[in-house]
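Student: My questions will all concern the structure given below.
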Amino acid sequence: MLKKIFDVDNPVFRVIGLFGNIVILNMLWLFCSLPVITMGASTTALLYACMKLHRGEGYLWTNFFHSFRENFRQATALFVIFLAAGVMLGADLILGNQMGTQSGRLLQAAACVVAVPYLIALLYVFAVQSRFVNSVKATIRYAFFVGLRNIVYTIQMAILVGLLVWANTTIVLFNYFTLVFGFGLTAYFCTLYYERIFAKYLPKKAEGEDEAPPKEEDGNGQN
């Protein structure tokens, strides 16, 4: 009886081990995101490491920093593009509200319309970057169309991320939990969706073959 309780394969120990790994990944993401400009690369690395963790492949540190190095340049470019676009959309919403006129309301409406494809692509772009080798333009296009084709999963992930944002802006204590494990836990749950979605576009891996992201040239996930 005691042997079963303290067995490392015990479901309780597996959950504790998984949670500990998520906390470590959360800390790695926070540390590597401190310069802010590196947030795209660290998010890409976090998602890649979470996918590997889900499949039980490799080691946390190795997976995280491998992806961080491999995707640093392009993930940073993606981050700058999405940050600039987000700032512009936010500025349009604020300006439209301050104008208080019909033109202002039209500006806000236009910003809301543009925000929909922006948010869809944002939910997927760093996950796509972590798994597919592509140009910046094709990665953004692919992220949007994958999100659109899997709109039910996209809505579920948007709700999950939205709840995290809402909790952190309304419950002060929740900020502490988010800093300790919230980002990593959210990423891990999102990767459960990504794994199921990307399985449709990735070639089947032969037994014993190392994983390598496919070269995707036309935005549809094909070789």
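Naming works like this for the structure tokens: A, B, ... for the chains as they're shown, residue 1 at the start of each chain, ligands 1 onward in shown order.
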Write out as a Markdown table the residues of range 11-63 of chain A that have any atom within 8 Å of an atom of range 167-185 of chain A, one row each with the nearest atom pair and its distance in Å to one decimal, counting only C-alpha atoms, sorted by chain and then rising number.

Tutor:
| residue | atom | partner | partner_atom | distance |
| --- | --- | --- | --- | --- |
| A:Ile22 | CA | A:Gly184 | CA | 5.3 |
| A:Val23 | CA | A:Phe181 | CA | 4.8 |
| A:Leu25 | CA | A:Gly184 | CA | 5.9 |
| A:Asn26 | CA | A:Gly184 | CA | 4.4 |
| A:Met27 | CA | A:Val180 | CA | 7.1 |
| A:Trp29 | CA | A:Gly184 | CA | 7.9 |
| A:Leu30 | CA | A:Leu179 | CA | 8.0 |
| A:Leu46 | CA | A:Gly184 | CA | 7.4 |

Student: Within 8 Å of range 33-39 of chain A, counting only C-alpha atoms, which residues qualify if same-chain residues fewer than 6 places away don't, as a PDB file with C-alpha atoms, in the first residue's frame?

Tutor:
ATOM      1  CA  PHE A  72      14.702  34.759 -31.632  1.00  0.00           C
ATOM      2  CA  THR A  76      11.032  39.353 -32.174  1.00  0.00           C
ATOM      3  CA  PHE A  79       6.302  40.763 -31.582  1.00  0.00           C
ATOM      4  CA  VAL A  80       7.229  44.246 -32.845  1.00  0.00           C
TER       5      VAL A  80
END

Student: Which residues, written as number ranges by chain, have at least one atom at most 8 Å from range 42-44 of chain A, with only C-alpha atoms counted and residues fewer than 3 positions away on the same chain left out?

Tutor: A: 29, 32-33, 38-39, 47-48, 67-68, 71, 75, 126-127, 129-130

Student: Report the distance between CA of Ala111 in chain A and CA of Phe82 in chain A in Å, rounded to one decimal place.

Tutor: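 Those two atoms sit 14.5 Å apart.
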
Student: Just want the 12 Å neighbourhood of range 141-157 of chain A, counted on only C-alpha atoms, with same-chain residues fewer than 3 positions away dropped. Output as a PDB file with N, CA and C atoms, in the first residue's frame.

Tutor:
ATOM      1  N   LEU A  78       7.958  39.465 -35.223  1.00  0.00           N
ATOM      2  CA  LEU A  78       6.508  39.282 -35.072  1.00  0.00           C
ATOM      3  C   LEU A  78       5.975  40.067 -33.876  1.00  0.00           C
ATOM      4  N   VAL A 116     -10.666  42.017 -34.673  1.00  0.00           N
ATOM      5  CA  VAL A 116     -11.056  40.603 -34.697  1.00  0.00           C
ATOM      6  C   VAL A 116      -9.993  39.731 -35.379  1.00  0.00           C
ATOM      7  N   PRO A 117      -9.624  40.017 -36.643  1.00  0.00           N
ATOM      8  CA  PRO A 117      -8.551  39.209 -37.245  1.00  0.00           C
ATOM      9  C   PRO A 117      -7.218  39.387 -36.536  1.00  0.00           C
ATOM     10  N   TYR A 118      -6.993  40.567 -35.975  1.00  0.00           N
ATOM     11  CA  TYR A 118      -5.757  40.813 -35.224  1.00  0.00           C
ATOM     12  C   TYR A 118      -5.656  39.855 -34.040  1.00  0.00           C
ATOM     13  N   LEU A 119      -6.723  39.737 -33.270  1.00  0.00           N
ATOM     14  CA  LEU A 119      -6.707  38.882 -32.079  1.00  0.00           C
ATOM     15  C   LEU A 119      -6.653  37.404 -32.448  1.00  0.00           C
ATOM     16  N   ILE A 120      -7.327  37.029 -33.539  1.00  0.00           N
ATOM     17  CA  ILE A 120      -7.279  35.640 -33.988  1.00  0.00           C
ATOM     18  C   ILE A 120      -5.840  35.253 -34.330  1.00  0.00           C
ATOM     19  N   ALA A 121      -5.178  36.112 -35.122  1.00  0.00           N
ATOM     20  CA  ALA A 121      -3.796  35.837 -35.502  1.00  0.00           C
ATOM     21  C   ALA A 121      -2.873  35.843 -34.283  1.00  0.00           C
ATOM     22  N   LEU A 122      -3.118  36.761 -33.355  1.00  0.00           N
ATOM     23  CA  LEU A 122      -2.274  36.872 -32.160  1.00  0.00           C
ATOM     24  C   LEU A 122      -2.331  35.613 -31.305  1.00  0.00           C
ATOM     25  N   LEU A 123      -3.500  34.975 -31.260  1.00  0.00           N
ATOM     26  CA  LEU A 123      -3.652  33.757 -30.458  1.00  0.00           C
ATOM     27  C   LEU A 123      -2.805  32.599 -30.994  1.00  0.00           C
ATOM     28  N   TYR A 124      -2.489  32.648 -32.283  1.00  0.00           N
ATOM     29  CA  TYR A 124      -1.809  31.514 -32.912  1.00  0.00           C
ATOM     30  C   TYR A 124      -0.395  31.806 -33.388  1.00  0.00           C
ATOM     31  N   VAL A 125      -0.042  33.062 -33.577  1.00  0.00           N
ATOM     32  CA  VAL A 125       1.167  33.382 -34.338  1.00  0.00           C
ATOM     33  C   VAL A 125       2.449  32.830 -33.704  1.00  0.00           C
ATOM     34  N   PHE A 126       2.560  32.900 -32.378  1.00  0.00           N
ATOM     35  CA  PHE A 126       3.798  32.420 -31.740  1.00  0.00           C
ATOM     36  C   PHE A 126       3.822  30.896 -31.638  1.00  0.00           C
ATOM     37  N   ALA A 127       2.647  30.293 -31.563  1.00  0.00           N
ATOM     38  CA  ALA A 127       2.581  28.833 -31.600  1.00  0.00           C
ATOM     39  C   ALA A 127       2.975  28.327 -32.987  1.00  0.00           C
ATOM     40  N   VAL A 128       2.498  29.012 -34.029  1.00  0.00           N
ATOM     41  CA  VAL A 128       2.869  28.656 -35.397  1.00  0.00           C
ATOM     42  C   VAL A 128       4.373  28.829 -35.594  1.00  0.00           C
ATOM     43  N   GLN A 129       4.908  29.937 -35.065  1.00  0.00           N
ATOM     44  CA  GLN A 129       6.344  30.191 -35.180  1.00  0.00           C
ATOM     45  C   GLN A 129       7.158  29.090 -34.509  1.00  0.00           C
ATOM     46  N   SER A 130       6.634  28.535 -33.425  1.00  0.00           N
ATOM     47  CA  SER A 130       7.374  27.513 -32.687  1.00  0.00           C
ATOM     48  C   SER A 130       7.410  26.172 -33.412  1.00  0.00           C
ATOM     49  N   ARG A 131       6.487  25.948 -34.337  1.00  0.00           N
ATOM     50  CA  ARG A 131       6.389  24.633 -34.983  1.00  0.00           C
ATOM     51  C   ARG A 131       6.674  24.635 -36.475  1.00  0.00           C
ATOM     52  N   PHE A 132       6.564  25.788 -37.134  1.00  0.00           N
ATOM     53  CA  PHE A 132       6.719  25.838 -38.583  1.00  0.00           C
ATOM     54  C   PHE A 132       7.826  26.813 -38.979  1.00  0.00           C
ATOM     55  N   VAL A 133       8.582  26.453 -39.991  1.00  0.00           N
ATOM     56  CA  VAL A 133       9.624  27.316 -40.531  1.00  0.00           C
ATOM     57  C   VAL A 133       9.027  28.081 -41.704  1.00  0.00           C
ATOM     58  N   ASN A 134       9.001  29.401 -41.600  1.00  0.00           N
ATOM     59  CA  ASN A 134       8.301  30.186 -42.601  1.00  0.00           C
ATOM     60  C   ASN A 134       8.762  31.630 -42.555  1.00  0.00           C
ATOM     61  N   SER A 135       8.310  32.426 -43.519  1.00  0.00           N
ATOM     62  CA  SER A 135       8.581  33.859 -43.494  1.00  0.00           C
ATOM     63  C   SER A 135       7.634  34.530 -42.499  1.00  0.00           C
ATOM     64  N   VAL A 136       7.946  35.767 -42.134  1.00  0.00           N
ATOM     65  CA  VAL A 136       7.098  36.510 -41.204  1.00  0.00           C
ATOM     66  C   VAL A 136       5.696  36.681 -41.771  1.00  0.00           C
ATOM     67  N   LYS A 137       5.616  37.100 -43.016  1.00  0.00           N
ATOM     68  CA  LYS A 137       4.318  37.327 -43.659  1.00  0.00           C
ATOM     69  C   LYS A 137       3.488  36.055 -43.708  1.00  0.00           C
ATOM     70  N   ALA A 138       4.112  34.949 -44.126  1.00  0.00           N
ATOM     71  CA  ALA A 138       3.385  33.682 -44.229  1.00  0.00           C
ATOM     72  C   ALA A 138       2.974  33.162 -42.849  1.00  0.00           C
ATOM     73  N   LEU A 160     -10.353  31.696 -22.317  1.00  0.00           N
ATOM     74  CA  LEU A 160      -9.359  31.350 -21.293  1.00  0.00           C
ATOM     75  C   LEU A 160      -8.413  32.517 -21.028  1.00  0.00           C
ATOM     76  N   VAL A 161      -7.874  33.097 -22.104  1.00  0.00           N
ATOM     77  CA  VAL A 161      -6.965  34.237 -21.959  1.00  0.00           C
ATOM     78  C   VAL A 161      -7.710  35.447 -21.399  1.00  0.00           C
ATOM     79  N   GLY A 162      -8.954  35.645 -21.849  1.00  0.00           N
ATOM     80  CA  GLY A 162      -9.760  36.757 -21.351  1.00  0.00           C
ATOM     81  C   GLY A 162     -10.026  36.649 -19.853  1.00  0.00           C
ATOM     82  N   LEU A 163     -10.277  35.428 -19.385  1.00  0.00           N
ATOM     83  CA  LEU A 163     -10.499  35.216 -17.951  1.00  0.00           C
ATOM     84  C   LEU A 163      -9.247  35.536 -17.148  1.00  0.00           C
ATOM     85  N   LEU A 164      -8.070  35.182 -17.706  1.00  0.00           N
ATOM     86  CA  LEU A 164      -6.815  35.493 -17.030  1.00  0.00           C
ATOM     87  C   LEU A 164      -6.628  37.006 -16.910  1.00  0.00           C
ATOM     88  N   THR A 186      -1.586  28.827 -18.386  1.00  0.00           N
ATOM     89  CA  THR A 186      -2.410  29.225 -19.525  1.00  0.00           C
ATOM     90  C   THR A 186      -1.799  28.718 -20.823  1.00  0.00           C
ATOM     91  N   ALA A 187      -0.470  28.860 -20.956  1.00  0.00           N
ATOM     92  CA  ALA A 187       0.218  28.373 -22.158  1.00  0.00           C
ATOM     93  C   ALA A 187       0.046  26.867 -22.301  1.00  0.00           C
ATOM     94  N   TYR A 188       0.141  26.137 -21.187  1.00  0.00           N
ATOM     95  CA  TYR A 188       0.017  24.682 -21.244  1.00  0.00           C
ATOM     96  C   TYR A 188      -1.374  24.277 -21.720  1.00  0.00           C
ATOM     97  N   PHE A 189      -2.398  24.925 -21.198  1.00  0.00           N
ATOM     98  CA  PHE A 189      -3.762  24.605 -21.626  1.00  0.00           C
ATOM     99  C   PHE A 189      -3.963  24.945 -23.106  1.00  0.00           C
ATOM    100  N   CYS A 190      -3.388  26.082 -23.544  1.00  0.00           N
ATOM    101  CA  CYS A 190      -3.513  26.454 -24.951  1.00  0.00           C
ATOM    102  C   CYS A 190      -2.808  25.454 -25.855  1.00  0.00           C
ATOM    103  N   THR A 191      -1.674  24.912 -25.393  1.00  0.00           N
ATOM    104  CA  THR A 191      -0.948  23.954 -26.234  1.00  0.00           C
ATOM    105  C   THR A 191      -1.727  22.654 -26.418  1.00  0.00           C
ATOM    106  N   LEU A 192      -2.641  22.352 -25.515  1.00  0.00           N
ATOM    107  CA  LEU A 192      -3.496  21.188 -25.714  1.00  0.00           C
ATOM    108  C   LEU A 192      -4.347  21.378 -26.966  1.00  0.00           C
ATOM    109  N   TYR A 193      -4.774  22.619 -27.197  1.00  0.00           N
ATOM    110  CA  TYR A 193      -5.509  22.949 -28.420  1.00  0.00           C
ATOM    111  C   TYR A 193      -4.577  22.937 -29.628  1.00  0.00           C
ATOM    112  N   TYR A 194      -3.413  23.566 -29.475  1.00  0.00           N
ATOM    113  CA  TYR A 194      -2.473  23.646 -30.597  1.00  0.00           C
ATOM    114  C   TYR A 194      -2.056  22.266 -31.080  1.00  0.00           C
ATOM    115  N   GLU A 195      -1.798  21.365 -30.148  1.00  0.00           N
ATOM    116  CA  GLU A 195      -1.377  20.017 -30.522  1.00  0.00           C
ATOM    117  C   GLU A 195      -2.438  19.331 -31.379  1.00  0.00           C
ATOM    118  N   ARG A 196      -3.684  19.495 -30.986  1.00  0.00           N
ATOM    119  CA  ARG A 196      -4.772  18.868 -31.742  1.00  0.00           C
ATOM    120  C   ARG A 196      -4.934  19.521 -33.114  1.00  0.00           C
ATOM    121  N   ILE A 197      -4.787  20.847 -33.160  1.00  0.00           N
ATOM    122  CA  ILE A 197      -4.952  21.574 -34.421  1.00  0.00           C
ATOM    123  C   ILE A 197      -3.803  21.302 -35.376  1.00  0.00           C
ATOM    124  N   PHE A 198      -2.557  21.405 -34.880  1.00  0.00           N
ATOM    125  CA  PHE A 198      -1.390  21.265 -35.748  1.00  0.00           C
ATOM    126  C   PHE A 198      -1.214  19.842 -36.261  1.00  0.00           C
ATOM    127  N   ALA A 199      -1.812  18.877 -35.562  1.00  0.00           N
ATOM    128  CA  ALA A 199      -1.714  17.484 -36.008  1.00  0.00           C
ATOM    129  C   ALA A 199      -2.308  17.318 -37.405  1.00  0.00           C
ATOM    130  N   LYS A 200      -3.225  18.219 -37.789  1.00  0.00           N
ATOM    131  CA  LYS A 200      -3.842  18.144 -39.113  1.00  0.00           C
ATOM    132  C   LYS A 200      -2.880  18.570 -40.210  1.00  0.00           C
ATOM    133  N   TYR A 201      -1.883  19.398 -39.838  1.00  0.00           N
ATOM    134  CA  TYR A 201      -1.021  20.009 -40.839  1.00  0.00           C
ATOM    135  C   TYR A 201       0.408  19.464 -40.829  1.00  0.00           C
ATOM    136  N   GLU A 216       7.170  25.311 -44.838  1.00  0.00           N
ATOM    137  CA  GLU A 216       5.860  25.630 -45.356  1.00  0.00           C
ATOM    138  C   GLU A 216       5.956  26.923 -46.145  1.00  0.00           C
ATOM    139  N   GLU A 217       5.692  26.820 -47.437  1.00  0.00           N
ATOM    140  CA  GLU A 217       5.937  27.965 -48.294  1.00  0.00           C
ATOM    141  C   GLU A 217       4.670  28.720 -48.664  1.00  0.00           C
ATOM    142  N   ASP A 218       3.524  28.035 -48.661  1.00  0.00           N
ATOM    143  CA  ASP A 218       2.339  28.684 -49.211  1.00  0.00           C
ATOM    144  C   ASP A 218       1.279  28.963 -48.158  1.00  0.00           C
ATOM    145  N   GLY A 219       1.631  28.849 -46.865  1.00  0.00           N
ATOM    146  CA  GLY A 219       0.700  29.220 -45.807  1.00  0.00           C
ATOM    147  C   GLY A 219      -0.331  28.183 -45.464  1.00  0.00           C
ATOM    148  N   ASN A 220      -0.240  26.990 -46.012  1.00  0.00           N
ATOM    149  CA  ASN A 220      -1.260  25.986 -45.729  1.00  0.00           C
ATOM    150  C   ASN A 220      -0.717  24.819 -44.921  1.00  0.00           C
ATOM    151  N   GLY A 221       0.536  24.926 -44.451  1.00  0.00           N
ATOM    152  CA  GLY A 221       1.094  23.885 -43.617  1.00  0.00           C
ATOM    153  C   GLY A 221       1.646  22.703 -44.383  1.00  0.00           C
ATOM    154  N   GLN A 222       1.701  22.805 -45.697  1.00  0.00           N
ATOM    155  CA  GLN A 222       2.195  21.696 -46.488  1.00  0.00           C
ATOM    156  C   GLN A 222       3.668  21.853 -46.786  1.00  0.00           C
TER     157      GLN A 222
END
